[in-house]
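File shown here: start-v5.cif, holding mmCIF, C-alpha atoms.
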```cif
data_model
loop_
_atom_site.group_PDB
_atom_site.id
_atom_site.type_symbol
_atom_site.label_atom_id
_atom_site.label_comp_id
_atom_site.auth_asym_id
_atom_site.auth_seq_id
_atom_site.Cartn_x
_atom_site.Cartn_y
_atom_site.Cartn_z
ATOM 1 C CA MET Q 1 -125.250 -80.267 5.342
ATOM 2 C CA ILE Q 2 -122.796 -83.173 5.107
ATOM 3 C CA ALA Q 3 -119.422 -82.572 6.798
ATOM 4 C CA ALA Q 4 -116.587 -81.575 4.476
ATOM 5 C CA ILE Q 5 -114.517 -84.694 5.234
ATOM 6 C CA ASP Q 6 -117.466 -86.927 4.370
ATOM 7 C CA ILE Q 7 -118.142 -85.007 1.152
ATOM 8 C CA PHE Q 8 -114.586 -85.296 -0.080
ATOM 9 C CA THR Q 9 -114.176 -88.879 1.063
ATOM 10 C CA GLU Q 10 -117.232 -89.761 -1.008
ATOM 11 C CA LEU Q 11 -115.789 -87.794 -3.927
ATOM 12 C CA GLY Q 12 -112.643 -89.914 -3.673
ATOM 13 C CA ARG Q 13 -114.760 -93.065 -3.763
ATOM 14 C CA ARG Q 14 -116.588 -91.862 -6.877
ATOM 15 C CA LEU Q 15 -113.283 -91.088 -8.618
ATOM 16 C CA GLU Q 16 -112.041 -94.652 -8.245
ATOM 17 C CA GLY Q 17 -111.752 -96.208 -11.668
ATOM 18 C CA PHE Q 18 -112.063 -92.843 -13.397
ATOM 19 C CA GLY Q 19 -112.102 -93.360 -17.166
ATOM 20 C CA SER Q 20 -113.452 -96.917 -16.985
ATOM 21 C CA ASP Q 21 -117.154 -95.991 -17.047
ATOM 22 C CA ALA Q 22 -119.100 -94.240 -19.805
ATOM 23 C CA ARG Q 23 -119.617 -90.970 -17.952
ATOM 24 C CA SER Q 24 -116.003 -90.353 -16.938
ATOM 25 C CA ALA Q 25 -114.683 -91.643 -20.277
ATOM 26 C CA ARG Q 26 -116.891 -89.131 -22.074
ATOM 27 C CA CYS Q 27 -115.696 -86.378 -19.726
ATOM 28 C CA MET Q 28 -112.085 -87.253 -20.469
ATOM 29 C CA ALA Q 29 -112.709 -87.224 -24.224
ATOM 30 C CA ASP Q 30 -114.464 -83.859 -23.983
ATOM 31 C CA ALA Q 31 -111.639 -82.418 -21.886
ATOM 32 C CA ILE Q 32 -109.060 -83.501 -24.474
ATOM 33 C CA ALA Q 33 -111.179 -82.048 -27.285
ATOM 34 C CA ALA Q 34 -111.417 -78.726 -25.409
ATOM 35 C CA ASN Q 35 -107.676 -78.554 -24.678
ATOM 36 C CA GLY Q 36 -105.402 -80.193 -27.223
ATOM 37 C CA TRP Q 37 -102.481 -80.236 -24.759
ATOM 38 C CA PHE Q 38 -104.307 -82.677 -22.450
ATOM 39 C CA THR Q 39 -103.835 -86.423 -22.798
ATOM 40 C CA ALA Q 40 -105.719 -89.320 -21.251
ATOM 41 C CA GLU Q 41 -102.556 -90.277 -19.339
ATOM 42 C CA ASP Q 42 -102.247 -86.777 -17.879
ATOM 43 C CA ILE Q 43 -105.898 -86.597 -16.847
ATOM 44 C CA MET Q 44 -105.736 -90.021 -15.231
ATOM 45 C CA MET Q 45 -102.623 -89.017 -13.303
ATOM 46 C CA ALA Q 46 -104.202 -85.768 -12.103
ATOM 47 C CA VAL Q 47 -107.292 -87.602 -10.866
ATOM 48 C CA ASP Q 48 -105.182 -90.305 -9.214
ATOM 49 C CA ALA Q 49 -103.020 -87.729 -7.430
ATOM 50 C CA ILE Q 50 -106.096 -85.933 -6.084
ATOM 51 C CA ARG Q 51 -107.801 -89.137 -5.012
ATOM 52 C CA THR Q 52 -104.804 -90.696 -3.265
ATOM 53 C CA GLU Q 53 -103.160 -87.616 -1.753
ATOM 54 C CA PHE Q 54 -106.093 -85.321 -0.929
ATOM 55 C CA LEU Q 55 -109.243 -87.402 -0.507
ATOM 56 C CA ASP Q 56 -108.232 -89.927 2.145
ATOM 57 C CA SER Q 57 -110.370 -89.366 5.249
ATOM 58 C CA ALA Q 58 -107.548 -89.950 7.755
ATOM 59 C CA LYS Q 59 -105.202 -87.595 5.909
ATOM 60 C CA MET Q 60 -107.916 -84.947 5.688
ATOM 61 C CA ALA Q 61 -108.790 -85.201 9.394
ATOM 62 C CA SER Q 62 -105.148 -84.808 10.424
ATOM 63 C CA TRP Q 63 -104.739 -81.876 8.037
ATOM 64 C CA LEU Q 64 -107.889 -79.994 9.042
ATOM 65 C CA ASN Q 65 -107.188 -80.416 12.761
ATOM 66 C CA ARG Q 66 -104.282 -77.997 12.345
ATOM 67 C CA TYR Q 67 -106.592 -75.076 11.638
ATOM 68 C CA PRO Q 68 -109.394 -73.260 13.472
ATOM 69 C CA HIS Q 69 -112.863 -73.563 11.988
ATOM 70 C CA PRO Q 70 -114.011 -70.096 10.848
ATOM 71 C CA GLU Q 71 -117.026 -68.705 12.678
ATOM 72 C CA ARG Q 72 -118.531 -66.774 9.791
ATOM 73 C CA ARG Q 73 -119.131 -67.551 6.152
ATOM 74 C CA ARG Q 74 -117.185 -65.742 3.461
ATOM 75 C CA ARG Q 75 -117.399 -65.612 -0.308
ATOM 76 C CA VAL Q 76 -114.078 -66.435 -1.949
ATOM 77 C CA ALA Q 77 -113.356 -65.738 -5.595
ATOM 78 C CA LEU Q 78 -111.447 -68.639 -7.149
ATOM 79 C CA VAL Q 79 -109.825 -67.703 -10.455
ATOM 80 C CA MET Q 80 -108.292 -70.918 -11.707
ATOM 81 C CA ALA Q 81 -105.494 -71.632 -14.147
ATOM 82 C CA GLY Q 82 -105.913 -74.247 -16.886
ATOM 83 C CA ASN Q 83 -102.401 -75.388 -17.704
ATOM 84 C CA ILE Q 84 -102.900 -78.884 -16.283
ATOM 85 C CA PRO Q 85 -106.047 -80.903 -15.506
ATOM 86 C CA LEU Q 86 -107.812 -79.926 -12.262
ATOM 87 C CA VAL Q 87 -105.024 -77.563 -11.237
ATOM 88 C CA GLY Q 88 -107.537 -75.489 -9.236
ATOM 89 C CA PHE Q 89 -109.062 -78.380 -7.296
ATOM 90 C CA PHE Q 90 -107.005 -77.977 -4.124
ATOM 91 C CA ASP Q 91 -108.012 -74.330 -3.710
ATOM 92 C CA LEU Q 92 -111.652 -75.320 -4.173
ATOM 93 C CA MET Q 93 -111.320 -78.009 -1.531
ATOM 94 C CA CYS Q 94 -109.679 -75.602 0.928
ATOM 95 C CA VAL Q 95 -112.439 -73.015 0.534
ATOM 96 C CA LEU Q 96 -115.224 -75.565 0.970
ATOM 97 C CA ALA Q 97 -113.466 -77.203 3.927
ATOM 98 C CA CYS Q 98 -113.616 -73.820 5.686
ATOM 99 C CA GLY Q 99 -117.373 -73.653 5.171
ATOM 100 C CA TYR Q 100 -117.001 -70.733 2.766
ATOM 101 C CA GLU Q 101 -118.725 -70.123 -0.546
ATOM 102 C CA ALA Q 102 -116.507 -70.788 -3.556
ATOM 103 C CA ALA Q 103 -117.227 -68.419 -6.455
ATOM 104 C CA VAL Q 104 -115.502 -70.370 -9.213
ATOM 105 C CA LYS Q 105 -114.107 -68.960 -12.427
ATOM 106 C CA SER Q 106 -112.561 -71.945 -14.174
ATOM 107 C CA SER Q 107 -110.215 -71.581 -17.104
ATOM 108 C CA SER Q 108 -111.747 -72.381 -20.488
ATOM 109 C CA LYS Q 109 -108.787 -74.755 -20.924
ATOM 110 C CA ASP Q 110 -109.907 -76.884 -17.992
ATOM 111 C CA SER Q 111 -113.624 -76.161 -17.686
ATOM 112 C CA VAL Q 112 -114.676 -79.711 -18.588
ATOM 113 C CA MET Q 113 -112.783 -81.456 -15.803
ATOM 114 C CA THR Q 114 -113.566 -78.733 -13.280
ATOM 115 C CA GLY Q 115 -117.252 -78.899 -14.202
ATOM 116 C CA TYR Q 116 -117.228 -82.679 -13.830
ATOM 117 C CA ILE Q 117 -115.874 -82.447 -10.274
ATOM 118 C CA ILE Q 118 -118.332 -79.696 -9.321
ATOM 119 C CA ASP Q 119 -121.209 -81.783 -10.653
ATOM 120 C CA LEU Q 120 -120.079 -84.727 -8.510
ATOM 121 C CA LEU Q 121 -119.830 -82.512 -5.437
ATOM 122 C CA ARG Q 122 -123.360 -81.189 -6.021
ATOM 123 C CA GLU Q 123 -124.670 -84.732 -6.384
ATOM 124 C CA ILE Q 124 -123.057 -85.664 -3.057
ATOM 125 C CA GLU Q 125 -124.285 -82.506 -1.317
ATOM 126 C CA PRO Q 126 -126.926 -80.455 -3.194
ATOM 127 C CA ASP Q 127 -126.469 -77.515 -0.800
ATOM 128 C CA ILE Q 128 -122.709 -77.293 -1.257
ATOM 129 C CA LEU Q 129 -121.526 -73.679 -1.416
ATOM 130 C CA ILE Q 130 -120.281 -73.439 -4.998
ATOM 131 C CA SER Q 131 -121.395 -70.657 -7.324
ATOM 132 C CA ALA Q 132 -120.281 -69.296 -10.669
ATOM 133 C CA TYR Q 133 -117.940 -66.345 -10.417
ATOM 134 C CA ASP Q 134 -119.678 -63.040 -11.074
ATOM 135 C CA ASP Q 135 -117.393 -60.031 -11.363
ATOM 136 C CA ALA Q 136 -120.229 -57.729 -10.314
ATOM 137 C CA THR Q 137 -120.842 -59.546 -7.013
ATOM 138 C CA PRO Q 138 -118.419 -58.569 -4.224
ATOM 139 C CA CYS Q 139 -116.163 -61.191 -2.698
ATOM 140 C CA ASP Q 140 -114.593 -61.194 0.738
ATOM 141 C CA MET Q 141 -111.381 -62.878 -0.376
ATOM 142 C CA ALA Q 142 -109.715 -64.075 -3.559
ATOM 143 C CA ILE Q 143 -107.344 -66.788 -4.731
ATOM 144 C CA ALA Q 144 -106.134 -66.262 -8.297
ATOM 145 C CA THR Q 145 -103.569 -68.186 -10.307
ATOM 146 C CA GLY Q 146 -102.051 -67.435 -13.704
ATOM 147 C CA GLY Q 147 -98.911 -66.330 -15.482
ATOM 148 C CA ASP Q 148 -96.859 -63.383 -14.289
ATOM 149 C CA ALA Q 149 -98.818 -60.884 -16.413
ATOM 150 C CA ALA Q 150 -102.109 -62.231 -15.073
ATOM 151 C CA ALA Q 151 -100.770 -62.113 -11.519
ATOM 152 C CA ALA Q 152 -99.970 -58.411 -11.927
ATOM 153 C CA TYR Q 153 -103.561 -57.793 -13.049
ATOM 154 C CA PHE Q 154 -104.973 -59.857 -10.165
ATOM 155 C CA ARG Q 155 -103.023 -57.826 -7.616
ATOM 156 C CA THR Q 156 -104.748 -54.697 -8.893
ATOM 157 C CA ARG Q 157 -108.165 -56.298 -9.353
ATOM 158 C CA TYR Q 158 -108.267 -57.727 -5.812
ATOM 159 C CA ALA Q 159 -106.333 -54.998 -4.030
ATOM 160 C CA SER Q 160 -109.316 -54.215 -1.788
ATOM 161 C CA VAL Q 161 -109.681 -57.717 -0.304
ATOM 162 C CA PRO Q 162 -107.289 -60.281 1.178
ATOM 163 C CA ALA Q 163 -105.901 -62.059 -1.867
ATOM 164 C CA LEU Q 164 -103.559 -64.941 -2.529
ATOM 165 C CA ILE Q 165 -102.045 -64.361 -5.968
ATOM 166 C CA ARG Q 166 -99.821 -66.845 -7.750
ATOM 167 C CA GLY Q 167 -97.658 -66.300 -10.826
ATOM 168 C CA SER Q 168 -95.152 -68.498 -12.638
ATOM 169 C CA ARG Q 169 -92.759 -70.842 -10.832
ATOM 170 C CA HIS Q 170 -90.418 -73.652 -11.845
ATOM 171 C CA SER Q 171 -89.215 -76.944 -10.415
ATOM 172 C CA VAL Q 172 -85.745 -78.423 -10.096
ATOM 173 C CA ALA Q 173 -84.291 -81.940 -9.865
ATOM 174 C CA VAL Q 174 -80.959 -82.696 -8.215
ATOM 175 C CA ILE Q 175 -79.341 -85.941 -9.357
ATOM 176 C CA THR Q 176 -76.518 -87.561 -7.346
ATOM 177 C CA GLY Q 177 -75.673 -90.442 -9.678
ATOM 178 C CA ASP Q 178 -76.795 -93.230 -7.358
ATOM 179 C CA GLU Q 179 -80.485 -93.137 -8.214
ATOM 180 C CA THR Q 180 -82.313 -96.385 -8.962
ATOM 181 C CA PRO Q 181 -83.893 -97.149 -12.359
ATOM 182 C CA ALA Q 182 -87.298 -96.541 -10.731
ATOM 183 C CA MET Q 183 -86.174 -93.048 -9.710
ATOM 184 C CA MET Q 184 -85.003 -92.329 -13.239
ATOM 185 C CA GLU Q 185 -88.384 -93.424 -14.581
ATOM 186 C CA GLY Q 186 -89.877 -91.060 -12.036
ATOM 187 C CA LEU Q 187 -87.679 -88.241 -13.317
ATOM 188 C CA ARG Q 188 -89.093 -88.887 -16.785
ATOM 189 C CA ARG Q 189 -92.607 -88.315 -15.412
ATOM 190 C CA ASP Q 190 -91.473 -85.208 -13.548
ATOM 191 C CA VAL Q 191 -90.165 -83.732 -16.813
ATOM 192 C CA PHE Q 192 -92.543 -84.955 -19.520
ATOM 193 C CA SER Q 193 -95.947 -85.161 -17.787
ATOM 194 C CA TYR Q 194 -98.513 -82.477 -18.683
ATOM 195 C CA GLY Q 195 -96.332 -81.478 -21.628
ATOM 196 C CA GLY Q 196 -94.039 -79.632 -19.222
ATOM 197 C CA LEU Q 197 -96.722 -76.998 -18.576
ATOM 198 C CA GLY Q 198 -97.073 -77.418 -14.818
ATOM 199 C CA CYS Q 199 -95.171 -75.408 -12.246
ATOM 200 C CA ARG Q 200 -94.258 -78.739 -10.626
ATOM 201 C CA ASN Q 201 -92.764 -80.070 -13.866
ATOM 202 C CA VAL Q 202 -88.994 -80.330 -13.557
ATOM 203 C CA SER Q 203 -87.450 -77.889 -16.021
ATOM 204 C CA LEU Q 204 -83.912 -77.627 -14.602
ATOM 205 C CA ILE Q 205 -81.739 -80.625 -13.695
ATOM 206 C CA PHE Q 206 -78.537 -80.465 -11.625
ATOM 207 C CA LEU Q 207 -76.071 -83.250 -12.494
ATOM 208 C CA PRO Q 208 -72.695 -84.205 -10.963
ATOM 209 C CA GLN Q 209 -69.789 -83.283 -13.200
ATOM 210 C CA GLY Q 210 -69.387 -85.795 -16.014
ATOM 211 C CA THR Q 211 -72.814 -87.400 -15.569
ATOM 212 C CA PRO Q 212 -74.849 -87.818 -18.777
ATOM 213 C CA LEU Q 213 -78.393 -86.515 -18.834
ATOM 214 C CA PRO Q 214 -80.514 -89.511 -17.717
ATOM 215 C CA LEU Q 215 -83.459 -88.928 -20.051
ATOM 216 C CA SER Q 216 -84.381 -90.992 -23.095
ATOM 217 C CA PRO Q 217 -86.241 -89.430 -26.024
ATOM 218 C CA GLU Q 218 -89.972 -89.932 -26.292
ATOM 219 C CA ALA Q 219 -92.401 -88.887 -28.986
ATOM 220 C CA PRO Q 220 -94.762 -85.932 -28.515
ATOM 221 C CA ALA Q 221 -98.103 -87.053 -27.087
ATOM 222 C CA ASN Q 222 -100.201 -84.824 -29.350
ATOM 223 C CA THR Q 223 -100.085 -82.178 -32.082
ATOM 224 C CA PRO Q 224 -99.806 -79.047 -29.864
ATOM 225 C CA ARG Q 225 -96.821 -80.535 -28.062
ATOM 226 C CA ARG Q 226 -95.186 -81.559 -31.322
ATOM 227 C CA ASN Q 227 -95.681 -78.103 -32.854
ATOM 228 C CA ASN Q 228 -94.284 -76.362 -29.788
ATOM 229 C CA PHE Q 229 -91.314 -78.735 -29.775
ATOM 230 C CA LEU Q 230 -90.575 -78.081 -33.469
ATOM 231 C CA ARG Q 231 -90.769 -74.305 -32.971
ATOM 232 C CA THR Q 232 -88.471 -74.473 -29.962
ATOM 233 C CA LYS Q 233 -85.950 -76.617 -31.832
ATOM 234 C CA ALA Q 234 -86.041 -74.349 -34.890
ATOM 235 C CA LEU Q 235 -85.404 -71.257 -32.775
ATOM 236 C CA LEU Q 236 -82.393 -72.864 -31.129
ATOM 237 C CA GLU Q 237 -80.985 -73.875 -34.517
ATOM 238 C CA MET Q 238 -81.479 -70.347 -35.860
ATOM 239 C CA THR Q 239 -79.622 -68.853 -32.895
ATOM 240 C CA GLY Q 240 -76.881 -71.477 -32.871
ATOM 241 C CA VAL Q 241 -77.655 -72.834 -29.400
ATOM 242 C CA LYS Q 242 -76.540 -76.433 -28.893
ATOM 243 C CA TYR Q 243 -79.191 -78.844 -27.639
ATOM 244 C CA LEU Q 244 -80.043 -82.495 -27.150
ATOM 245 C CA ASP Q 245 -83.109 -83.762 -28.993
ATOM 246 C CA LEU Q 246 -85.383 -85.624 -26.562
ATOM 247 C CA GLY Q 247 -88.130 -86.291 -29.081
ATOM 248 C CA SER Q 248 -90.769 -84.080 -27.505
ATOM 249 C CA CYS Q 249 -88.546 -81.485 -25.874
ATOM 250 C CA VAL Q 250 -85.006 -80.181 -26.136
ATOM 251 C CA ALA Q 251 -82.352 -80.204 -23.429
ATOM 252 C CA VAL Q 252 -79.947 -77.266 -23.202
ATOM 253 C CA GLU Q 253 -76.969 -76.843 -20.903
ATOM 254 C CA ASP Q 254 -77.960 -73.704 -19.006
ATOM 255 C CA ARG Q 255 -78.184 -72.893 -15.286
ATOM 256 C CA GLY Q 256 -81.462 -71.031 -15.575
ATOM 257 C CA PHE Q 257 -85.134 -71.729 -16.089
ATOM 258 C CA PRO Q 258 -86.423 -72.175 -19.657
ATOM 259 C CA ASP Q 259 -89.217 -69.976 -20.953
ATOM 260 C CA THR Q 260 -91.029 -72.630 -22.978
ATOM 261 C CA ALA Q 261 -92.745 -75.896 -22.096
ATOM 262 C CA CYS Q 262 -90.822 -78.047 -24.575
ATOM 263 C CA ARG Q 263 -87.392 -77.324 -23.176
ATOM 264 C CA VAL Q 264 -85.535 -78.610 -20.131
ATOM 265 C CA ASN Q 265 -82.235 -77.147 -18.983
ATOM 266 C CA TYR Q 266 -79.435 -79.025 -17.260
ATOM 267 C CA THR Q 267 -76.296 -77.941 -15.466
ATOM 268 C CA PHE Q 268 -73.371 -79.581 -13.672
ATOM 269 C CA TYR Q 269 -72.270 -79.130 -10.076
ATOM 270 C CA ASN Q 270 -69.186 -79.994 -8.008
ATOM 271 C CA ASP Q 271 -70.730 -80.466 -4.559
ATOM 272 C CA GLU Q 272 -74.079 -80.207 -2.799
ATOM 273 C CA PRO Q 273 -73.345 -76.887 -1.003
ATOM 274 C CA GLU Q 274 -73.020 -75.310 -4.455
ATOM 275 C CA VAL Q 275 -76.532 -76.510 -5.334
ATOM 276 C CA THR Q 276 -77.957 -75.520 -1.945
ATOM 277 C CA GLN Q 277 -76.646 -71.976 -2.330
ATOM 278 C CA TRP Q 278 -78.115 -71.689 -5.825
ATOM 279 C CA LEU Q 279 -81.500 -72.919 -4.614
ATOM 280 C CA ARG Q 280 -81.445 -70.417 -1.766
ATOM 281 C CA ARG Q 281 -80.728 -67.521 -4.144
ATOM 282 C CA HIS Q 282 -83.572 -68.535 -6.465
ATOM 283 C CA ASP Q 283 -86.091 -69.685 -3.890
ATOM 284 C CA ASP Q 284 -88.812 -67.225 -4.943
ATOM 285 C CA GLU Q 285 -88.758 -68.758 -8.444
ATOM 286 C CA ILE Q 286 -88.975 -72.383 -7.294
ATOM 287 C CA GLN Q 287 -92.097 -74.479 -6.775
ATOM 288 C CA CYS Q 288 -90.491 -77.738 -5.638
ATOM 289 C CA VAL Q 289 -87.178 -79.600 -5.654
ATOM 290 C CA ALA Q 290 -87.063 -83.281 -6.599
ATOM 291 C CA ALA Q 291 -84.087 -84.808 -4.817
ATOM 292 C CA GLN Q 292 -83.068 -87.595 -2.479
ATOM 293 C CA HIS Q 293 -81.676 -85.547 0.377
ATOM 294 C CA ILE Q 294 -80.844 -81.987 -0.687
ATOM 295 C CA PRO Q 295 -82.075 -79.602 2.058
ATOM 296 C CA HIS Q 296 -85.056 -77.564 0.857
ATOM 297 C CA ALA Q 297 -88.400 -76.706 2.406
ATOM 298 C CA ARG Q 298 -90.294 -77.880 -0.684
ATOM 299 C CA ARG Q 299 -88.268 -80.992 -1.442
ATOM 300 C CA CYS Q 300 -90.093 -84.082 -2.675
ATOM 301 C CA ALA Q 301 -89.040 -87.510 -3.870
ATOM 302 C CA ILE Q 302 -87.901 -87.867 -7.460
ATOM 303 C CA GLY Q 303 -90.904 -89.011 -9.466
ATOM 304 C CA ARG Q 304 -93.421 -87.453 -7.052
ATOM 305 C CA THR Q 305 -93.506 -83.830 -8.151
ATOM 306 C CA GLN Q 306 -97.037 -84.271 -9.525
ATOM 307 C CA TYR Q 307 -98.277 -85.938 -6.320
ATOM 308 C CA PRO Q 308 -98.214 -83.106 -3.759
ATOM 309 C CA SER Q 309 -99.549 -83.864 -0.298
ATOM 310 C CA LEU Q 310 -102.155 -81.774 1.526
ATOM 311 C CA THR Q 311 -99.380 -79.677 3.075
ATOM 312 C CA ASP Q 312 -97.332 -79.173 -0.112
ATOM 313 C CA TYR Q 313 -98.788 -75.722 -0.642
ATOM 314 C CA ALA Q 314 -98.131 -73.948 -3.942
ATOM 315 C CA ASP Q 315 -95.425 -71.281 -3.612
ATOM 316 C CA GLY Q 316 -94.954 -72.443 -0.003
ATOM 317 C CA ILE Q 317 -97.981 -70.357 1.087
ATOM 318 C CA ASP Q 318 -100.358 -72.134 3.475
ATOM 319 C CA VAL Q 319 -103.772 -71.726 1.832
ATOM 320 C CA MET Q 320 -105.698 -72.828 4.918
ATOM 321 C CA ASP Q 321 -103.772 -70.401 7.114
ATOM 322 C CA PHE Q 322 -104.598 -67.628 4.635
ATOM 323 C CA LEU Q 323 -108.284 -68.524 4.655
ATOM 324 C CA THR Q 324 -108.728 -68.983 8.397
ATOM 325 C CA LYS Q 325 -106.646 -66.152 9.838
ATOM 326 C CA GLN Q 326 -107.861 -63.151 7.873
#
```

Go through the file and emit its structure as structure tokens.
Amino acid sequence: MIAAIDIFTELGRRLEGFGSDARSARCMADAIAANGWFTAEDIMMAVDAIRTEFLDSAKMASWLNRYPHPERRRRVALVMAGNIPLVGFFDLMCVLACGYEAAVKSSSKDSVMTGYIIDLLREIEPDILISAYDDATPCDMAIATGGDAAAAYFRTRYASVPALIRGSRHSVAVITGDETPAMMEGLRRDVFSYGGLGCRNVSLIFLPQGTPLPLSPEAPANTPRRNNFLRTKALLEMTGVKYLDLGSCVAVEDRGFPDTACRVNYTFYNDEPEVTQWLRRHDDEIQCVAAQHIPHARRCAIGRTQYPSLTDYADGIDVMDFLTKQ
């Protein structure tokens, strides 16, 4: 069997130019038809992030050298979310890199893109250990991702095996006022990409006192986003909550996380220690923090929230450590 690094390096090569050939263009069209929230721009960004951040052979070698290679094979249930394109890919890569069997249950919202990647992997290595999830077949471990209600169910469903369960999280941006125009364009991507559905989408922005919100309105990318935006705006008007209209989402002054994709909250701060203390108190709700220099374990550059590295583990939980030390 081909080594994992070679398999994924070849996958990265095959993903170059995704969308420019007939096969990948058809896949993208089918994925958008299956999930009206997806856009071509979002799918292209998801593929680019995977290819550039995960599938570089040197990066993979350095990453994998941190972990012991398991001595025995295990079957790992992978229950994937479908809020953004290929959101379950990293877990799949981790399981296969360990030499384990991945029993994949993809979300119906992202089954087209997930199926496309699995087909490519099987073409590269016909004996790759990927199977369809079967609830009747026992698994040795499980990784399951969903909303908070789904996470509660997963904890019960997989209580008898080592399980990594993920629920809902949110991301924060901290603006200082001396950001460059390129950073502000990056903030736009952090907020608006994937329709705001990803846990790495910025949904709360900290601003220095007196600083205007540095976001320009943009039109909804598709009908589901427009409908959600209109419902969100109507609810705020009915309840008398003041908001800024950003075209495809609303901005509300509130130091908390919004409960809908088409809303971003913003709040003002006096000094960085105030922000640091707030982040510390809410750490178990936070996925990442986009900032120039605020201290936080999951800080990333503004504009790079959707480009996690191999060690930017979701919820701060090392997936490879979980898989190799059970």

How big is the axis-aligned box, and where does its centre sit, when it encloses all atoms of region 140-152 of chain Q listed in the file and has 4 Å added on every side, reported in Å to one decimal as JSON?
```
{"center_x": -105.7, "center_y": -63.3, "center_z": -7.8, "size_x": 25.7, "size_y": 17.8, "size_z": 25.2}
```

Compile the contact shell of region 52-64 of chain Q as a PyMOL selection string: residues with an atom at most 10 Å away, counting all atoms listed in the file, same-chain residues fewer than 3 positions apart removed. chain Q and resi 4-13+15-16+47-49+67-69+89-90+93-94+97-98+307-311+320

Identify the residues within 10 Å of coordinate (-96.0, -87.3, -13.4) (same frame as the file), considering all atoms listed in the file, and give the answer as a list in words. Glu41, Asp42, Met45, Ala46, Ala49, Glu185, Gly186, Leu187, Arg188, Arg189, Asp190, Val191, Phe192, Ser193, Tyr194, Gly196, Arg200, Asn201, Val202, Gly303, Arg304, Thr305, Gln306 and Tyr307 of chain Q

Got a sec: who's within 10 Å of region 121-136 of chain Q, counting only C-alpha atoms, leaving out chain neighbours fewer than 2 positions off, as a PDB file with C-alpha atoms, in the frame of the given file?
```
ATOM      1  CA  MET Q   1    -125.250 -80.267   5.342  1.00  0.00           C
ATOM      2  CA  ILE Q   2    -122.796 -83.173   5.107  1.00  0.00           C
ATOM      3  CA  ALA Q   3    -119.422 -82.572   6.798  1.00  0.00           C
ATOM      4  CA  ALA Q   4    -116.587 -81.575   4.476  1.00  0.00           C
ATOM      5  CA  ASP Q   6    -117.466 -86.927   4.370  1.00  0.00           C
ATOM      6  CA  ILE Q   7    -118.142 -85.007   1.152  1.00  0.00           C
ATOM      7  CA  PHE Q   8    -114.586 -85.296  -0.080  1.00  0.00           C
ATOM      8  CA  GLU Q  10    -117.232 -89.761  -1.008  1.00  0.00           C
ATOM      9  CA  LEU Q  11    -115.789 -87.794  -3.927  1.00  0.00           C
ATOM     10  CA  ARG Q  14    -116.588 -91.862  -6.877  1.00  0.00           C
ATOM     11  CA  ARG Q  75    -117.399 -65.612  -0.308  1.00  0.00           C
ATOM     12  CA  VAL Q  76    -114.078 -66.435  -1.949  1.00  0.00           C
ATOM     13  CA  ALA Q  77    -113.356 -65.738  -5.595  1.00  0.00           C
ATOM     14  CA  LEU Q  78    -111.447 -68.639  -7.149  1.00  0.00           C
ATOM     15  CA  VAL Q  79    -109.825 -67.703 -10.455  1.00  0.00           C
ATOM     16  CA  LEU Q  92    -111.652 -75.320  -4.173  1.00  0.00           C
ATOM     17  CA  VAL Q  95    -112.439 -73.015   0.534  1.00  0.00           C
ATOM     18  CA  LEU Q  96    -115.224 -75.565   0.970  1.00  0.00           C
ATOM     19  CA  GLY Q  99    -117.373 -73.653   5.171  1.00  0.00           C
ATOM     20  CA  TYR Q 100    -117.001 -70.733   2.766  1.00  0.00           C
ATOM     21  CA  GLU Q 101    -118.725 -70.123  -0.546  1.00  0.00           C
ATOM     22  CA  ALA Q 102    -116.507 -70.788  -3.556  1.00  0.00           C
ATOM     23  CA  ALA Q 103    -117.227 -68.419  -6.455  1.00  0.00           C
ATOM     24  CA  VAL Q 104    -115.502 -70.370  -9.213  1.00  0.00           C
ATOM     25  CA  LYS Q 105    -114.107 -68.960 -12.427  1.00  0.00           C
ATOM     26  CA  SER Q 106    -112.561 -71.945 -14.174  1.00  0.00           C
ATOM     27  CA  GLY Q 115    -117.252 -78.899 -14.202  1.00  0.00           C
ATOM     28  CA  TYR Q 116    -117.228 -82.679 -13.830  1.00  0.00           C
ATOM     29  CA  ILE Q 117    -115.874 -82.447 -10.274  1.00  0.00           C
ATOM     30  CA  ILE Q 118    -118.332 -79.696  -9.321  1.00  0.00           C
ATOM     31  CA  ASP Q 119    -121.209 -81.783 -10.653  1.00  0.00           C
ATOM     32  CA  PRO Q 138    -118.419 -58.569  -4.224  1.00  0.00           C
ATOM     33  CA  CYS Q 139    -116.163 -61.191  -2.698  1.00  0.00           C
TER      34      CYS Q 139
END
```

CA of Leu86 (chain Q) and CA of Arg51 (chain Q) are how many Å apart?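 So the answer is 11.7 Å.
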
Go through Q:Leu246, Q:Ala142, Q:Gln287, Q:Thr137 and flag the residue nearest Ala159 (chain Q), using all atoms listed in the file for the distances. Q:Ala142

Distance query 9 Å from (-91.0, -79.9, -29.4) using only C-alpha atoms, result as a CSV table (one decimal) with C-alpha atoms, in the frame of the given file:
```csv
chain,number,residue,atom,x,y,z
Q,220,PRO,CA,-94.8,-85.9,-28.5
Q,224,PRO,CA,-99.8,-79.0,-29.9
Q,225,ARG,CA,-96.8,-80.5,-28.1
Q,226,ARG,CA,-95.2,-81.6,-31.3
Q,227,ASN,CA,-95.7,-78.1,-32.9
Q,228,ASN,CA,-94.3,-76.4,-29.8
Q,229,PHE,CA,-91.3,-78.7,-29.8
Q,230,LEU,CA,-90.6,-78.1,-33.5
Q,231,ARG,CA,-90.8,-74.3,-33.0
Q,232,THR,CA,-88.5,-74.5,-30.0
Q,233,LYS,CA,-86.0,-76.6,-31.8
Q,245,ASP,CA,-83.1,-83.8,-29.0
Q,246,LEU,CA,-85.4,-85.6,-26.6
Q,247,GLY,CA,-88.1,-86.3,-29.1
Q,248,SER,CA,-90.8,-84.1,-27.5
Q,249,CYS,CA,-88.5,-81.5,-25.9
Q,250,VAL,CA,-85.0,-80.2,-26.1
Q,261,ALA,CA,-92.7,-75.9,-22.1
Q,262,CYS,CA,-90.8,-78.0,-24.6
Q,263,ARG,CA,-87.4,-77.3,-23.2
```
